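Visitor: Starting off with a structure, shown below.
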Amino acid sequence: MSGSRRVTVVFSVLLAGCLSASVLLLRRLDQARTDATLEEVLYISSPKALKRLSLGYDGLLADIYWTRAVQYFGSKHHAGARRYDLLAPLLEITTALDPHLLVAYEYGANFLAPKAPGGAGMPERAIELEEFGIHNNPNEWRLYYNEGFIRYMELKDYAGASEVFARGARVPNAHPFLAILAGKMAEHAGDQQMARMMWSTTYQTTKDNNVRANAAAHLRALQVDEDVANLEALTGRYQQQTGRFPASFSELEAAGLLRGTPRDPFGHTYQVMPDGRVEVRTPDDFPFIQKGTPPGYVPPLAPKFLPAD
């Protein structure tokens with residue numbers, strides 16, 4: 001056997017061994033639990049080191065870390081966690097390995113930015129994640145939408161949100177809603193209708209079931225808050241006219257103040273209380289409502305994200 005052929009064979013064997021080791025590493029990562037073992041695996045924390053270990057399987061390793069990010073948040077959220085310290089590094093490693101995995105950026109906007117228990121409460125890290133995504137995918141309008149969404153919803157940075165939406169509106173084939181949002185930020189800062197429009201856009205454009213369910217839960221909560229505010233205004237008018245609060249909604253109907261029996265987004269009737277307040281029957285079904293809960297109500301540690309449809 002010639003010297004050059006021996007070198008080729010040796011390097012081929014070494015390469016095969018490295019590939020086998022890489023596959024074993026990836027399988028080990030895929031079998032990792034989402035608790036202590038996940039932490040051990042995660043803190044091979046350098047994306048550069050992981051790229052070298054993957055031997056070109058960056059996409060496969062990114063998929064594994066993406067799966068871990070979803071499992072990590074989902075399991076801790078189900079258990080009622082108040083801290084999600086590993087979510088940011090998991091998403092950052094995922095996107096460093098695969099900068100074009102758009103769903104990871106969307107997940108960060110919806111679950112890394114919001115406060116607990118609905119998220120990790122790290123809006124600044126979430127914005128850094130979106131900016132990294134924009135740098136690597138400058139023509140993806142959803143990334144600009146994600147960042148503007150975080151700035152508007154979590155930081156109340158309406159000027160910053162407007163600037164990001166305006167940048168996104170200039171991207172080829174951008175959703176026309178971005179230009180509208182850019183111009184309406186100051187005018188509708190903190191407005192419930194604006195929040196509804198933004199959650200509706202998220203609901204309509206996402207392909208991720210978790211993000212869709214989260215958007216649907218926020219839309220239902222906004223509807224409840226609006227319903228309760230309107231109904232309590234009617235019970236107040238009734239009290240001004242009669243000197244007492246109505247005992248039921250039928251009394252409001254009889255007074256010409258209401259048509260039909262009001263129902264929440266799940267079809268359950270609202271309840272009018274002796275002091276004129278209006279409550280939902282099952283507040284745990286609406287984890288983001290600001291109105292309609294009984295006095296002293298404590299939300300569950302693990303709020304339910306019911307199906308989107």
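Chain labels follow the order of the structure tokens: the first chain is A, the next B, and so on; residue numbering restarts at 1 in every chain, and ligands are counted from 1 in their shown order.
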Considering only C-alpha atoms, give me a table of residues in range 198-234 of chain A that are at most 12 Å from range 64-82 of chain A, with the closest atom pair and distance in Å for each, as a Markdown table.

Guide:
```
| residue | atom | partner | partner_atom | distance |
| --- | --- | --- | --- | --- |
| A:Asp208 | CA | A:Val70 | CA | 11.0 |
| A:Asn209 | CA | A:Val70 | CA | 11.5 |
| A:Asn210 | CA | A:Val70 | CA | 9.2 |
| A:Val211 | CA | A:Val70 | CA | 11.2 |
```

Visitor: Give me, as a list of chain:residue names, all polymer residues having an atom no more than 12 Å from range 236-242 of chain A, counting only C-alpha atoms and skipping those fewer than 6 positions away in the same chain.

Guide: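 Counting only C-alpha atoms, the residues come to A:Ala229, A:Asn230, A:Ser248, A:Phe249, A:Ser250, A:Glu251, A:Leu252, A:Glu253, A:Ala254, A:Ala255, A:Gly256, A:Leu257, A:Leu258, A:Val272, A:Met273, A:Pro274, A:Asp275, A:Gly276, A:Arg277, A:Val278.
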
Visitor: Any chance you could tabulate, as JSON lines, the residues of range 113-165 of chain A at most 12 Å from range 84-91 of chain A with each one's nearest atom pair and distance in Å to one decimal, using only C-alpha atoms, in chain and rising number order?

Guide:
```
{"residue": "A:Ala113", "atom": "CA", "partner": "A:Ala88", "partner_atom": "CA", "distance": 9.5}
{"residue": "A:Pro114", "atom": "CA", "partner": "A:Tyr84", "partner_atom": "CA", "distance": 11.2}
{"residue": "A:Lys115", "atom": "CA", "partner": "A:Tyr84", "partner_atom": "CA", "distance": 10.3}
{"residue": "A:Ala116", "atom": "CA", "partner": "A:Tyr84", "partner_atom": "CA", "distance": 8.5}
{"residue": "A:Pro117", "atom": "CA", "partner": "A:Tyr84", "partner_atom": "CA", "distance": 9.4}
{"residue": "A:Gly118", "atom": "CA", "partner": "A:Tyr84", "partner_atom": "CA", "distance": 10.3}
{"residue": "A:Gly119", "atom": "CA", "partner": "A:Tyr84", "partner_atom": "CA", "distance": 7.6}
{"residue": "A:Ala120", "atom": "CA", "partner": "A:Tyr84", "partner_atom": "CA", "distance": 5.1}
{"residue": "A:Gly121", "atom": "CA", "partner": "A:Tyr84", "partner_atom": "CA", "distance": 8.4}
{"residue": "A:Met122", "atom": "CA", "partner": "A:Ala88", "partner_atom": "CA", "distance": 8.0}
{"residue": "A:Pro123", "atom": "CA", "partner": "A:Ala88", "partner_atom": "CA", "distance": 10.2}
{"residue": "A:Glu124", "atom": "CA", "partner": "A:Ala88", "partner_atom": "CA", "distance": 10.4}
{"residue": "A:Arg125", "atom": "CA", "partner": "A:Ala88", "partner_atom": "CA", "distance": 6.9}
{"residue": "A:Ala126", "atom": "CA", "partner": "A:Ala88", "partner_atom": "CA", "distance": 7.6}
{"residue": "A:Ile127", "atom": "CA", "partner": "A:Ala88", "partner_atom": "CA", "distance": 11.0}
{"residue": "A:Glu128", "atom": "CA", "partner": "A:Ala88", "partner_atom": "CA", "distance": 10.1}
{"residue": "A:Leu129", "atom": "CA", "partner": "A:Leu91", "partner_atom": "CA", "distance": 8.0}
{"residue": "A:Glu130", "atom": "CA", "partner": "A:Leu91", "partner_atom": "CA", "distance": 10.8}
{"residue": "A:Phe132", "atom": "CA", "partner": "A:Leu91", "partner_atom": "CA", "distance": 11.4}
{"residue": "A:Gly133", "atom": "CA", "partner": "A:Leu91", "partner_atom": "CA", "distance": 11.3}
```

Visitor: List the neighbours of Ile134 in chain A out to 12 Å using only C-alpha atoms; skip same-chain residues closer than 6 positions along the sequence, and give me the result as a PyMOL selection string.

Guide: chain A and resi 95+99-102+105-106+127-128+140-147+164+167-168+171

Visitor: Write out as CSV the residues of range 121-177 of chain A that have any atom within 6 Å of an atom of range 181-205 of chain A, one row each with the nearest atom pair and its distance in Å to one decimal, counting only C-alpha atoms, sorted by chain and then rising number.

Guide:
```
residue,atom,partner,partner_atom,distance
A:Tyr158,CA,A:Met185,CA,5.6
A:Ser162,CA,A:Ala182,CA,4.3
A:Phe165,CA,A:Ala182,CA,5.0
A:Ala166,CA,A:Ala182,CA,5.2
```

Visitor: What separation in Å, quoted to one decimal, exists between CA of Val280 in chain A and CA of Arg220 in chain A?

Guide: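 One can read the CA of Val280 in chain A to CA of Arg220 in chain A distance as 12.0 Å.
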
Visitor: If you run DSSP on the backbone here, which positions in range 107-195 of chain A get helix (DSSP H, G or I)? Please write them as JSON, numbers by chain.

Guide: {"A": [107, 108, 109, 110, 111, 112, 123, 124, 125, 126, 127, 128, 129, 130, 131, 132, 133, 134, 135, 136, 141, 142, 143, 144, 145, 146, 147, 148, 149, 150, 151, 152, 153, 158, 159, 160, 161, 162, 163, 164, 165, 166, 167, 168, 169, 177, 178, 179, 180, 181, 182, 183, 184, 192, 193, 194, 195]}

Visitor: Could you please take those selected residues and save C-alpha atoms as a compact mmCIF listing (two decimals), in the first residue's frame?

Guide:
```
# COMPACT_ATOMS: atom_id res chain seq x y z
CA TYR A 107 -40.91 31.69 20.77
CA GLY A 108 -38.54 34.11 22.46
CA ALA A 109 -40.85 37.05 21.83
CA ASN A 110 -43.82 35.19 23.31
CA PHE A 111 -42.25 33.34 26.25
CA LEU A 112 -38.82 34.82 27.01
CA PRO A 123 -37.49 41.40 27.58
CA GLU A 124 -34.00 42.82 27.04
CA ARG A 125 -32.59 39.36 26.28
CA ALA A 126 -35.54 38.75 23.99
CA ILE A 127 -34.80 41.98 22.08
CA GLU A 128 -31.15 40.95 21.73
CA LEU A 129 -32.36 37.63 20.32
CA GLU A 130 -34.60 39.39 17.78
CA GLU A 131 -31.81 41.76 16.74
CA PHE A 132 -29.55 38.76 16.16
CA GLY A 133 -32.31 37.28 14.03
CA ILE A 134 -32.74 40.50 12.06
CA HIS A 135 -28.98 40.68 11.45
CA ASN A 136 -29.02 37.18 9.97
CA TRP A 141 -40.65 40.98 8.50
CA ARG A 142 -41.83 38.76 11.38
CA LEU A 143 -38.59 39.42 13.27
CA TYR A 144 -39.22 43.18 13.23
CA TYR A 145 -42.79 42.49 14.31
CA ASN A 146 -41.52 40.31 17.18
CA GLU A 147 -39.20 43.03 18.47
CA GLY A 148 -41.79 45.77 18.14
CA PHE A 149 -44.25 43.51 19.94
CA ILE A 150 -41.84 43.11 22.88
CA ARG A 151 -41.13 46.83 23.07
CA TYR A 152 -44.83 47.68 23.01
CA MET A 153 -46.22 44.98 25.28
CA TYR A 158 -43.76 53.07 22.08
CA ALA A 159 -41.15 55.15 20.25
CA GLY A 160 -38.82 52.17 20.01
CA ALA A 161 -41.66 49.95 18.84
CA SER A 162 -42.62 52.48 16.17
CA GLU A 163 -39.03 52.61 14.88
CA VAL A 164 -38.77 48.82 14.63
CA PHE A 165 -42.14 48.50 12.92
CA ALA A 166 -41.10 51.19 10.44
CA ARG A 167 -37.90 49.28 9.65
CA GLY A 168 -39.91 46.12 9.15
CA ALA A 169 -42.42 47.87 6.91
CA PHE A 177 -49.97 45.96 9.18
CA LEU A 178 -46.40 46.96 10.15
CA ALA A 179 -46.73 50.35 8.46
CA ILE A 180 -50.03 50.92 10.29
CA LEU A 181 -48.46 49.96 13.61
CA ALA A 182 -45.50 52.26 13.03
CA GLY A 183 -47.81 55.23 12.59
CA LYS A 184 -50.25 54.38 15.38
CA GLN A 192 -56.74 47.95 24.38
CA GLN A 193 -57.77 47.96 20.73
CA MET A 194 -54.14 48.17 19.66
CA ALA A 195 -53.27 45.24 21.92
```

Visitor: Quick one: pull the distance between CA of Pro300 in chain A and CA of Pro287 in chain A, Å, one decimal.

Guide: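 Going from CA of Pro300 in chain A over to CA of Pro287 in chain A covers 8.2 Å.
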
Visitor: Do a neighbour search on Glu279 in chain A at 6 Å with only C-alpha atoms, toss out local chain neighbours closer than 6 positions, and write the hits as a VMD selection string.

Guide: chain A and resid 270 to 271 292 to 293

Visitor: Could you take the residues named above and write them with C-alpha atoms, as a PDB file, in the first residue's frame?

Guide:
```pdb
ATOM      1  CA  TYR A 270     -71.176  36.224  33.481  1.00  0.00           C
ATOM      2  CA  GLN A 271     -72.331  36.734  37.069  1.00  0.00           C
ATOM      3  CA  GLY A 292     -63.901  39.901  36.446  1.00  0.00           C
ATOM      4  CA  THR A 293     -62.166  37.944  39.200  1.00  0.00           C
TER       5      THR A 293
END
```
